[in-house]
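Asker: Contents are mmCIF, C-alpha atoms and all ligand atoms; file name upload_23.cif:
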data_run
loop_
_atom_site.label_atom_id
_atom_site.label_comp_id
_atom_site.auth_asym_id
_atom_site.auth_seq_id
_atom_site.Cartn_x
_atom_site.Cartn_y
_atom_site.Cartn_z
CA MET A 678 7.79 258.80 112.97
CA GLY A 679 10.13 261.65 112.35
CA GLU A 680 12.20 262.99 109.54
CA PHE A 681 15.69 264.35 109.36
CA ARG A 682 15.89 268.03 108.52
CA PRO A 683 16.89 268.26 104.83
CA LEU A 684 20.51 269.28 104.43
CA VAL A 685 22.57 269.23 101.22
CA PHE A 686 26.26 268.27 101.34
CA SER A 687 28.79 267.68 98.59
CA GLY A 688 32.52 267.84 97.99
CA VAL A 689 35.07 268.27 95.21
CA GLN A 690 38.71 267.19 95.34
CA PRO A 691 41.44 269.78 94.82
CA THR A 692 43.34 267.67 92.29
CA GLY A 693 44.04 269.01 88.81
CA ASN A 694 41.86 271.33 86.81
CA LEU A 695 38.11 271.24 87.06
CA HIS A 696 36.44 270.14 83.85
CA LEU A 697 33.00 270.29 82.29
CA GLY A 698 32.06 266.97 83.95
CA ASN A 699 32.68 268.42 87.42
CA TYR A 700 30.79 271.56 86.47
CA LEU A 701 27.69 269.93 84.92
CA GLY A 702 27.64 266.79 87.08
CA ALA A 703 28.18 268.61 90.37
CA ILE A 704 28.87 272.34 90.75
CA ARG A 705 25.96 273.57 88.64
CA LYS A 706 23.65 271.39 90.70
CA PHE A 707 25.13 272.79 93.92
CA VAL A 708 24.16 276.26 92.72
CA ALA A 709 20.60 275.26 91.81
CA LEU A 710 20.04 273.55 95.18
CA GLN A 711 20.81 276.69 97.17
CA ASP A 712 17.29 278.02 96.79
CA GLY A 713 15.18 276.62 99.56
CA ASN A 714 17.87 274.31 101.03
CA ASP A 715 20.52 274.56 103.69
CA CYS A 716 23.78 273.57 101.87
CA ILE A 717 27.34 272.71 102.83
CA TYR A 718 29.97 272.54 100.07
CA CYS A 719 33.42 271.25 100.83
CA VAL A 720 36.84 271.25 99.19
CA VAL A 721 37.88 267.72 100.18
CA ASP A 722 41.60 268.27 100.57
CA MET A 723 42.19 265.17 102.70
CA HIS A 724 40.81 263.03 99.88
CA ALA A 725 43.45 264.53 97.58
CA LEU A 726 46.19 262.65 99.48
CA THR A 727 44.77 259.23 98.69
CA ALA A 728 46.05 258.88 95.12
CA GLN A 729 49.08 261.17 95.36
CA LEU A 730 50.67 262.12 98.67
CA VAL A 731 52.71 265.19 97.79
CA HIS A 732 51.15 268.05 95.83
CA GLU A 733 53.14 270.84 94.25
CA ASP A 734 50.66 273.57 95.14
CA MET A 735 48.06 272.32 97.58
CA PRO A 736 47.02 275.81 98.81
CA GLY A 737 46.51 277.01 95.23
CA GLN A 738 44.49 273.91 94.34
CA ILE A 739 42.25 274.31 97.38
CA ARG A 740 41.70 277.99 96.57
CA SER A 741 40.88 277.24 92.93
CA ILE A 742 38.05 274.84 93.88
CA ALA A 743 36.71 277.37 96.39
CA ALA A 744 36.96 280.05 93.68
CA ALA A 745 35.00 277.82 91.28
CA PHE A 746 32.24 277.37 93.88
CA LEU A 747 31.97 281.12 94.39
CA ALA A 748 32.31 281.98 90.69
CA ALA A 749 29.55 279.52 89.79
CA GLY A 750 27.26 281.40 92.18
CA ILE A 751 27.38 279.65 95.56
CA ASP A 752 26.61 282.05 98.40
CA PRO A 753 29.11 281.37 101.22
CA VAL A 754 27.19 283.54 103.68
CA LYS A 755 23.79 281.86 103.40
CA HIS A 756 25.46 278.45 103.04
CA ILE A 757 28.83 277.00 104.08
CA VAL A 758 31.94 276.73 101.90
CA PHE A 759 35.02 275.28 103.61
CA ASN A 760 37.96 272.89 103.31
CA GLN A 761 37.75 269.46 104.89
CA SER A 762 41.07 269.40 106.76
CA ALA A 763 40.02 272.46 108.80
CA VAL A 764 37.31 270.34 110.44
CA PRO A 765 39.09 267.38 112.09
CA GLN A 766 35.77 265.81 113.08
CA HIS A 767 35.61 264.37 109.52
CA ALA A 768 38.69 262.25 110.23
CA GLU A 769 37.43 261.30 113.67
CA LEU A 770 34.13 259.99 112.32
CA ALA A 771 35.94 258.31 109.42
CA TRP A 772 37.90 256.22 111.93
CA ILE A 773 34.70 255.05 113.56
CA PHE A 774 33.26 254.27 110.12
CA ASN A 775 36.42 252.29 109.29
CA CYS A 776 35.36 250.06 112.15
CA VAL A 777 31.73 249.92 110.96
CA ALA A 778 32.43 249.18 107.27
CA ARG A 779 33.33 245.60 106.34
CA ILE A 780 36.31 244.70 104.18
CA GLY A 781 33.96 242.83 101.85
CA TRP A 782 32.07 246.07 101.21
CA MET A 783 35.26 247.98 100.39
CA ASN A 784 36.41 245.21 98.04
CA ARG A 785 33.38 245.86 95.86
CA MET A 786 34.26 249.51 95.18
CA THR A 787 34.89 249.82 91.44
CA GLN A 788 36.61 253.21 91.77
CA PHE A 789 39.27 251.68 94.01
CA LYS A 790 39.85 248.92 91.48
CA ASP A 791 40.12 251.47 88.65
CA LYS A 792 42.38 253.85 90.53
CA ALA A 793 44.62 251.21 92.10
CA GLY A 794 44.93 249.46 88.75
CA LYS A 795 47.26 246.48 88.47
CA ASP A 796 49.61 247.64 91.21
CA ARG A 797 47.07 247.22 94.00
CA GLU A 798 49.65 246.23 96.63
CA ASN A 799 51.22 249.64 96.19
CA ALA A 800 48.01 251.69 96.56
CA SER A 801 47.72 253.71 99.76
CA LEU A 802 45.57 252.49 102.63
CA GLY A 803 43.86 255.88 102.31
CA LEU A 804 42.72 255.10 98.76
CA TYR A 805 41.13 251.90 100.02
CA ALA A 806 39.43 253.61 102.98
CA TYR A 807 38.43 256.69 100.93
CA PRO A 808 34.67 255.84 100.71
CA SER A 809 34.54 255.60 104.49
CA LEU A 810 35.92 259.16 104.81
CA MET A 811 33.40 260.23 102.17
CA ALA A 812 30.56 258.77 104.26
CA ALA A 813 31.93 260.66 107.28
CA ASP A 814 32.03 263.93 105.30
CA ILE A 815 28.30 263.67 104.74
CA LEU A 816 27.16 262.11 107.98
CA VAL A 817 29.18 264.30 110.34
CA TYR A 818 26.49 266.87 109.46
CA ARG A 819 23.72 264.24 109.31
CA ALA A 820 23.17 265.55 105.75
CA THR A 821 20.31 264.04 103.77
CA HIS A 822 20.88 264.98 100.11
CA VAL A 823 24.08 264.67 98.09
CA PRO A 824 24.38 266.08 94.55
CA VAL A 825 27.09 264.18 92.62
CA GLY A 826 27.92 262.79 89.20
CA ASP A 827 27.02 259.22 88.36
CA ASP A 828 30.55 257.94 89.19
CA GLN A 829 29.92 258.52 92.92
CA LYS A 830 26.75 256.43 93.10
CA GLN A 831 28.40 253.34 94.55
CA HIS A 832 30.15 255.40 97.24
CA LEU A 833 26.82 256.83 98.34
CA GLU A 834 25.30 253.36 98.54
CA LEU A 835 28.18 252.46 100.84
CA ALA A 836 27.43 255.55 102.96
CA ARG A 837 23.87 254.23 103.36
CA ASP A 838 25.17 250.79 104.36
CA ILE A 839 27.49 252.34 106.93
CA ALA A 840 24.70 254.53 108.36
CA MET A 841 22.35 251.55 108.52
CA LYS A 842 24.85 249.29 110.31
CA PHE A 843 25.73 252.02 112.81
CA ASN A 844 22.01 252.65 113.48
CA MET A 845 21.32 248.93 113.94
CA ASP A 846 24.40 248.01 115.99
CA PHE A 847 24.02 250.97 118.33
CA ALA A 848 20.20 250.99 118.39
CA ASP A 849 19.98 250.54 122.17
CA HIS A 850 22.69 253.10 122.84
CA ILE A 851 21.01 255.59 120.51
CA ARG A 852 17.73 255.11 122.37
CA ARG A 853 19.41 255.43 125.77
CA THR A 854 21.11 258.70 124.82
CA GLY A 855 17.91 260.12 123.30
CA THR A 856 19.78 261.25 120.20
CA GLY A 857 17.94 259.30 117.48
CA ILE A 858 14.67 259.63 115.62
CA ASP A 859 12.19 257.07 114.30
CA ILE A 860 12.28 256.86 110.51
CA THR A 861 11.10 254.32 107.95
CA VAL A 862 13.60 252.76 105.57
CA GLY A 863 11.62 251.10 102.79
CA GLU A 864 8.80 249.62 104.88
CA GLU A 865 10.95 249.07 107.97
CA PRO A 866 10.70 251.30 111.03
CA VAL A 867 14.23 252.15 112.22
CA HIS A 868 15.41 254.14 115.22
CA ALA A 869 18.18 256.07 113.51
CA TYR A 870 20.97 258.40 114.46
CA PHE A 871 22.21 258.81 110.89
CA PRO A 872 19.83 259.49 107.98
CA MET A 873 19.79 257.44 104.77
CA VAL A 874 21.43 259.81 102.31
CA GLU A 875 19.66 260.47 99.02
CA PRO A 876 21.97 260.76 96.01
CA LEU A 877 20.93 263.54 93.60
CA ILE A 878 22.32 262.28 90.31
CA GLU A 879 19.58 263.01 87.79
CA GLY A 880 19.72 265.67 85.05
CA PRO A 881 20.77 265.51 81.39
CA ALA A 882 24.52 265.10 82.11
CA PRO A 883 25.03 262.85 85.14
CA ARG A 884 28.05 261.35 83.39
CA VAL A 885 29.80 263.64 80.92
CA MET A 886 31.89 261.54 78.56
CA SER A 887 35.25 262.16 76.89
CA LEU A 888 35.05 264.27 73.73
CA ARG A 889 37.41 261.76 72.07
CA ASP A 890 35.60 258.58 73.09
CA GLY A 891 31.93 258.57 74.07
CA THR A 892 32.32 255.36 76.05
CA LYS A 893 34.89 256.82 78.49
CA LYS A 894 34.16 259.27 81.31
CA MET A 895 35.51 262.81 80.93
CA SER A 896 38.29 262.89 83.52
CA LYS A 897 41.23 264.95 84.74
CA SER A 898 43.52 261.98 84.33
CA ASP A 899 42.94 261.43 80.58
CA ALA A 900 46.26 261.94 78.77
CA SER A 901 44.56 263.87 75.95
CA ASP A 902 43.59 267.45 76.80
CA LEU A 903 41.28 267.33 73.76
CA SER A 904 39.15 264.81 75.67
CA ARG A 905 37.88 267.43 78.13
CA ILE A 906 36.87 271.05 78.43
CA ASN A 907 38.64 272.55 81.42
CA LEU A 908 36.86 275.24 83.36
CA MET A 909 39.85 277.55 82.80
CA ASP A 910 39.99 276.97 79.00
CA ASP A 911 39.75 280.13 76.92
CA GLU A 912 37.21 280.60 74.14
CA ASP A 913 39.54 279.37 71.39
CA ALA A 914 40.33 276.18 73.28
CA ILE A 915 36.63 275.47 73.92
CA ALA A 916 35.79 276.05 70.25
CA LYS A 917 38.67 273.86 69.05
CA LYS A 918 37.81 270.98 71.38
CA ILE A 919 34.13 270.93 70.39
CA ARG A 920 35.00 271.24 66.71
CA LYS A 921 37.35 268.27 67.02
CA ALA A 922 34.97 266.25 69.23
CA LYS A 923 34.40 262.77 67.83
CA THR A 924 31.02 262.23 66.16
CA ASP A 925 29.49 259.76 63.73
CA PRO A 926 28.53 260.56 60.13
CA GLU A 927 24.77 260.74 60.70
CA GLY A 928 22.76 263.83 61.61
CA LEU A 929 20.95 264.25 64.93
CA PRO A 930 17.86 262.11 65.56
CA GLY A 931 14.47 263.60 66.42
CA ASP A 932 14.06 261.62 69.64
CA ILE A 933 15.99 259.94 72.47
CA ALA A 934 15.56 256.45 70.99
CA GLY A 935 17.63 257.60 68.01
CA LEU A 936 20.64 258.20 70.30
CA ALA A 937 20.91 254.50 71.20
CA GLY A 938 24.29 253.10 70.18
CA ARG A 939 25.60 256.60 69.40
CA PRO A 940 27.54 257.52 72.56
CA GLU A 941 29.28 260.60 71.12
CA ALA A 942 26.04 262.12 69.80
CA ASP A 943 24.31 261.29 73.08
CA ASN A 944 27.10 262.99 75.05
CA LEU A 945 27.05 266.22 73.03
CA VAL A 946 23.26 266.45 73.25
CA GLY A 947 23.45 265.87 77.02
CA ILE A 948 26.10 268.59 77.38
CA TYR A 949 23.98 271.02 75.36
CA ALA A 950 20.88 270.26 77.42
CA ALA A 951 22.71 270.64 80.75
CA LEU A 952 24.32 273.93 79.71
CA ALA A 953 20.97 275.27 78.50
CA ASP A 954 19.05 273.98 81.56
CA ARG A 955 16.76 272.07 79.20
CA THR A 956 16.01 268.39 78.57
CA LYS A 957 17.51 266.15 75.88
CA PRO A 958 14.11 265.64 74.13
CA GLU A 959 13.74 269.44 73.91
CA ILE A 960 17.16 269.77 72.30
CA LEU A 961 16.40 266.95 69.84
CA SER A 962 13.09 268.48 68.85
CA GLU A 963 15.03 271.63 67.97
CA PHE A 964 18.04 270.02 66.23
CA GLY A 965 16.57 266.68 65.00
CA GLY A 966 17.51 266.12 61.35
CA GLN A 967 20.37 268.66 61.46
CA GLN A 968 24.00 267.79 60.79
CA PHE A 969 26.81 268.20 63.37
CA SER A 970 28.08 271.03 61.16
CA VAL A 971 25.05 272.98 62.43
CA PHE A 972 24.87 271.58 65.97
CA LYS A 973 28.53 272.01 66.90
CA PRO A 974 28.70 275.78 66.26
CA ALA A 975 25.53 276.20 68.35
CA LEU A 976 27.11 274.14 71.13
CA ILE A 977 30.32 276.18 70.93
CA GLU A 978 28.38 279.41 71.26
CA LEU A 979 26.36 278.10 74.22
CA ALA A 980 29.42 276.64 75.99
CA ILE A 981 31.36 279.88 75.68
CA ALA A 982 28.41 282.03 76.75
CA THR A 983 27.82 279.85 79.81
CA LEU A 984 31.41 279.19 80.89
CA ALA A 985 33.11 282.52 80.12
CA PRO A 986 31.47 284.44 83.01
CA VAL A 987 32.38 281.64 85.45
CA THR A 988 35.97 281.46 84.21
CA GLY A 989 36.33 285.25 84.31
CA GLU A 990 35.04 285.42 87.86
CA MET A 991 37.30 282.53 88.90
CA ARG A 992 40.35 284.40 87.59
CA ARG A 993 39.27 287.56 89.42
CA LEU A 994 38.82 285.66 92.69
CA MET A 995 42.12 283.80 92.32
CA ALA A 996 43.88 287.16 92.15
CA ASP A 997 42.78 287.81 95.75
CA PRO A 998 43.74 284.70 97.75
CA GLY A 999 43.23 286.60 101.02
CA HIS A 1000 39.53 286.88 100.30
CA ILE A 1001 39.18 283.17 99.46
CA ASP A 1002 41.07 282.23 102.63
CA ALA A 1003 38.75 284.42 104.71
CA VAL A 1004 35.68 282.76 103.15
CA LEU A 1005 37.12 279.30 103.91
CA ARG A 1006 38.05 280.24 107.48
CA ASP A 1007 34.56 281.54 108.17
CA GLY A 1008 32.97 278.45 106.58
CA SER A 1009 35.28 276.10 108.48
CA ALA A 1010 34.41 277.70 111.84
CA ARG A 1011 30.69 277.29 111.16
CA ALA A 1012 31.15 273.72 109.85
CA ARG A 1013 33.27 272.79 112.88
CA GLU A 1014 30.55 273.88 115.27
CA ARG A 1015 27.97 271.67 113.56
CA ALA A 1016 30.34 268.72 113.19
CA GLU A 1017 31.35 268.88 116.86
CA LYS A 1018 27.69 268.73 117.92
CA THR A 1019 27.36 265.43 116.01
CA MET A 1020 30.65 264.05 117.32
CA LYS A 1021 29.71 264.79 120.95
CA GLU A 1022 26.60 262.67 120.41
CA VAL A 1023 28.48 259.95 118.54
CA ARG A 1024 31.09 259.67 121.32
CA ASP A 1025 28.24 259.47 123.79
CA ILE A 1026 26.45 256.76 121.76
CA ILE A 1027 29.62 254.67 121.56
CA GLY A 1028 30.38 255.18 125.22
CA PHE A 1029 33.63 257.12 124.97
CA LEU A 1030 34.22 259.22 128.08
CA GLN A 1031 34.45 262.92 127.30
P1 LIG B 1101 35.65 264.44 92.30
O1 LIG B 1101 36.46 265.52 92.93
O2 LIG B 1101 36.33 263.40 91.50
O3 LIG B 1101 34.54 265.09 91.39
C1 LIG B 1101 33.72 266.15 91.84
C2 LIG B 1101 32.30 265.95 91.34
O4 LIG B 1101 32.30 265.95 89.91
C3 LIG B 1101 31.58 264.80 89.45
N1 LIG B 1101 32.16 264.35 88.17
C4 LIG B 1101 31.44 264.15 87.06
N2 LIG B 1101 30.12 264.31 86.79
C5 LIG B 1101 29.70 264.04 85.55
N3 LIG B 1101 30.53 263.63 84.55
C6 LIG B 1101 31.86 263.45 84.76
N4 LIG B 1101 32.65 263.07 83.77
C7 LIG B 1101 32.37 263.72 86.06
N5 LIG B 1101 33.60 263.66 86.63
C8 LIG B 1101 33.45 264.05 87.91
C9 LIG B 1101 31.77 263.77 90.54
O5 LIG B 1101 30.75 262.79 90.49
C10 LIG B 1101 31.67 264.63 91.78
O6 LIG B 1101 30.32 264.86 92.13
N6 LIG B 1101 34.59 261.37 96.11
C11 LIG B 1101 34.26 262.64 95.49
C12 LIG B 1101 34.42 263.83 96.40
C13 LIG B 1101 33.77 263.71 97.73
C14 LIG B 1101 32.39 263.82 98.00
C15 LIG B 1101 32.26 263.66 99.41
C16 LIG B 1101 31.27 264.02 97.21
C17 LIG B 1101 34.41 263.48 98.91
N7 LIG B 1101 33.49 263.48 99.91
C18 LIG B 1101 31.02 263.72 100.04
C19 LIG B 1101 30.02 264.06 97.84
C20 LIG B 1101 29.91 263.91 99.23
C21 LIG B 1101 35.17 262.85 94.29
O7 LIG B 1101 36.25 262.33 94.23
O8 LIG B 1101 34.71 263.76 93.42
#
Represent the supplied structure as structure tokens.
Ligand code: TYM

Answerer:
Amino acid sequence: MGEFRPLVFSGVQPTGNLHLGNYLGAIRKFVALQDGNDCIYCVVDMHALTAQLVHEDMPGQIRSIAAAFLAAGIDPVKHIVFNQSAVPQHAELAWIFNCVARIGWMNRMTQFKDKAGKDRENASLGLYAYPSLMAADILVYRATHVPVGDDQKQHLELARDIAMKFNMDFADHIRRTGTGIDITVGEEPVHAYFPMVEPLIEGPAPRVMSLRDGTKKMSKSDASDLSRINLMDDEDAIAKKIRKAKTDPEGLPGDIAGLAGRPEADNLVGIYAALADRTKPEILSEFGGQQFSVFKPALIELAIATLAPVTGEMRRLMADPGHIDAVLRDGSARARERAEKTMKEVRDIIGFLQ
């Protein structure tokens, strides 16, 4: 019985401004995972074509996500920071996964249904196949752990299904090429080439909700800018948005049970806890019984103190695109080397001549 070497992988799309949901649900976790793990963080520029083909400023968008990674504290020397399109092995593996994944599996993807909306016939084929490319992003490095927000959970389950089917269908080939290892999945022994990825979703803010409606996810596509805190918002904008955030008339409860049925209160407490690196029960034991007129100013102060250094550093980095490009080029070269090692083995497993 063996084990895959732990490796963290995650990606962020270069579409629109990053918001607090991306920061708390993903980027802050990327930073924390650096200690003691080998990590690869990717600006998934090919994914950005799936919903909208032509982008006004693709280079600037790619650089701004890379700048956010660096500003948040990711070390691109110890780890790898790169953009997806610079490593064509992602697309190569995605094609193979398109042939592994079943149409029935893709039809269950709720994000496709949401994004395609009513005009499904007019959605791109890329939007439909997107989760297969996402599985390839991770598995082209045989990565084992993937920090993401809660909205990506179903895509990671699909990545596990794809890995499992590939391992099963090619079991004999994997054995013959000596590229696999014996693992257990549940109770089952499996001779695997690809690991079963572990989603890392936990934490106090796995799903940051809109500041205007606690039942809707905070998202870049919400028409109201008041619904989200953008990473590039200045202090006044952050203060205004939190002050105007929807709440209910009651004060804060003393325990988690008291947040049931109060999505806006729950969201603000989760945001506070995630920003402070504390748990929701800890925050409620401090603020239980207080009114929002006390809690909101504390949240404003914490949000500004936490985000301002990141925003400032992002602006500084964005002023030097040459430096960001050099970081991405270096990361891409190192990523390509690892991805090609996997693809050589995958081609061999399948039986492609090379
Ligand atoms: P994307 O670019 O939409 O979002 C980037 C990350 O931010 C998280 N996130 C949130 N977390 C909490 N609350 C929210 N309101 C919120 N909104 C967004 C997302 O869960 C994500 O972790 N498909 C991915 C990108 C991707 C990827 C991958 C991720 C492509 N390949 C491989 C992991 C591994 C996406 O569109 O994320």

Asker: Please report as a tab-separated table every residue of segment 711-736 of chain A lying within 10 Å of segment 815-839 of chain A, along with the nearest atom pair and their distance in Å (one decimal), using all atoms listed in the file.

Answerer:
residue	atom	partner	partner_atom	distance
A:Asn714	CA	A:His822	CA	9.8
A:Asp715	CA	A:Ala820	CA	9.6
A:Cys716	CA	A:Ala820	CA	8.9
A:Ile717	CA	A:Ala820	CA	8.8
A:Cys719	CA	A:Ile815	CA	9.9

Asker: With C-alpha atoms retained, could you export that selection as a CSV table (one decimal), keeping the file's coordinate frame?

Answerer:
chain,number,residue,atom,x,y,z
A,714,ASN,CA,17.9,274.3,101.0
A,715,ASP,CA,20.5,274.6,103.7
A,716,CYS,CA,23.8,273.6,101.9
A,717,ILE,CA,27.3,272.7,102.8
A,719,CYS,CA,33.4,271.2,100.8

Asker: Take atom CA of Pro958 of chain A and atom CA of Arg889 of chain A and report the distance between them in Å, one decimal.

Answerer: 23.7 Å

Asker: Quick one: axis-aligned box around all listed atoms of ligand LIG 1101 (chain B), 5 Å on every side, centre and edge lengths in Å to one decimal, written as AutoDock Vina command-line options.

Answerer:
--center_x 33.1 --center_y 263.8 --center_z 91.9 --size_x 16.8 --size_y 14.8 --size_z 26.3

Asker: What separation in Å, quoted to one decimal, exists between atom CA of Tyr718 of chain A and atom CA of Ala743 of chain A?

Answerer: 9.1 Å

Asker: For Gly1008 of chain A, find every residue with an atom within 9 Å (counting only C-alpha atoms), except residues of its own chain fewer than 4 positions away, and show them as a short mmCIF file (atom, residue, chain, number, x, y, z; two decimals) with C-alpha atoms, in the frame of the given file.

Answerer:
data_model
loop_
_atom_site.label_atom_id
_atom_site.label_comp_id
_atom_site.auth_asym_id
_atom_site.auth_seq_id
_atom_site.Cartn_x
_atom_site.Cartn_y
_atom_site.Cartn_z
CA ILE A 717 27.34 272.71 102.83
CA PRO A 753 29.11 281.37 101.22
CA VAL A 754 27.19 283.54 103.68
CA HIS A 756 25.46 278.45 103.04
CA ILE A 757 28.83 277.00 104.08
CA VAL A 758 31.94 276.73 101.90
CA PHE A 759 35.02 275.28 103.61
CA ASN A 760 37.96 272.89 103.31
CA ALA A 1003 38.75 284.42 104.71
CA VAL A 1004 35.68 282.76 103.15
CA ALA A 1012 31.15 273.72 109.85
CA ARG A 1013 33.27 272.79 112.88
#

Asker: Missing atoms in segment 950-974 of chain A need filling: write out N, CA and C atoms for it as a short mmCIF file (atom, residue, chain, number, x, y, z; two decimals), in the frame of the given file.

Answerer:
data_model
loop_
_atom_site.label_atom_id
_atom_site.label_comp_id
_atom_site.auth_asym_id
_atom_site.auth_seq_id
_atom_site.Cartn_x
_atom_site.Cartn_y
_atom_site.Cartn_z
N ALA A 950 22.08 270.14 76.58
CA ALA A 950 20.88 270.26 77.42
C ALA A 950 21.24 270.77 78.82
N ALA A 951 22.32 270.23 79.39
CA ALA A 951 22.71 270.64 80.75
C ALA A 951 23.14 272.11 80.77
N LEU A 952 23.89 272.53 79.75
CA LEU A 952 24.32 273.93 79.71
C LEU A 952 23.13 274.87 79.55
N ALA A 953 22.12 274.42 78.79
CA ALA A 953 20.97 275.27 78.50
C ALA A 953 19.87 275.14 79.56
N ASP A 954 20.09 274.27 80.55
CA ASP A 954 19.05 273.98 81.56
C ASP A 954 17.77 273.49 80.90
N ARG A 955 17.92 272.64 79.88
CA ARG A 955 16.76 272.07 79.20
C ARG A 955 16.93 270.56 79.18
N THR A 956 15.92 269.85 78.60
CA THR A 956 16.01 268.39 78.57
C THR A 956 16.53 267.93 77.20
N LYS A 957 17.01 266.68 77.15
CA LYS A 957 17.51 266.15 75.88
C LYS A 957 16.40 266.10 74.81
N PRO A 958 15.16 265.64 75.16
CA PRO A 958 14.11 265.64 74.13
C PRO A 958 13.85 267.05 73.56
N GLU A 959 13.94 268.06 74.42
CA GLU A 959 13.74 269.44 73.91
C GLU A 959 14.82 269.82 72.90
N ILE A 960 16.05 269.42 73.20
CA ILE A 960 17.16 269.77 72.30
C ILE A 960 17.00 269.02 70.97
N LEU A 961 16.56 267.73 71.07
CA LEU A 961 16.40 266.95 69.84
C LEU A 961 15.23 267.45 69.01
N SER A 962 14.21 267.98 69.67
CA SER A 962 13.09 268.48 68.85
C SER A 962 13.53 269.74 68.12
N GLU A 963 14.53 270.44 68.66
CA GLU A 963 15.03 271.63 67.97
C GLU A 963 16.04 271.26 66.87
N PHE A 964 16.94 270.30 67.17
CA PHE A 964 18.04 270.02 66.23
C PHE A 964 17.86 268.72 65.44
N GLY A 965 16.78 267.95 65.71
CA GLY A 965 16.57 266.68 65.00
C GLY A 965 16.65 266.89 63.48
N GLY A 966 17.40 266.01 62.80
CA GLY A 966 17.51 266.12 61.35
C GLY A 966 18.67 267.01 60.90
N GLN A 967 19.24 267.78 61.83
CA GLN A 967 20.37 268.66 61.46
C GLN A 967 21.69 267.89 61.51
N GLN A 968 22.66 268.39 60.76
CA GLN A 968 24.00 267.79 60.79
C GLN A 968 24.82 268.37 61.96
N PHE A 969 25.93 267.67 62.31
CA PHE A 969 26.81 268.20 63.37
C PHE A 969 27.44 269.53 62.95
N SER A 970 27.51 269.76 61.63
CA SER A 970 28.08 271.03 61.16
C SER A 970 27.20 272.22 61.59
N VAL A 971 25.94 271.93 61.92
CA VAL A 971 25.05 272.98 62.43
C VAL A 971 25.04 272.94 63.97
N PHE A 972 25.00 271.72 64.52
CA PHE A 972 24.87 271.58 65.97
C PHE A 972 26.13 272.03 66.71
N LYS A 973 27.29 271.68 66.17
CA LYS A 973 28.53 272.01 66.90
C LYS A 973 28.73 273.52 67.08
N PRO A 974 28.55 274.34 66.03
CA PRO A 974 28.70 275.78 66.26
C PRO A 974 27.71 276.32 67.31
#
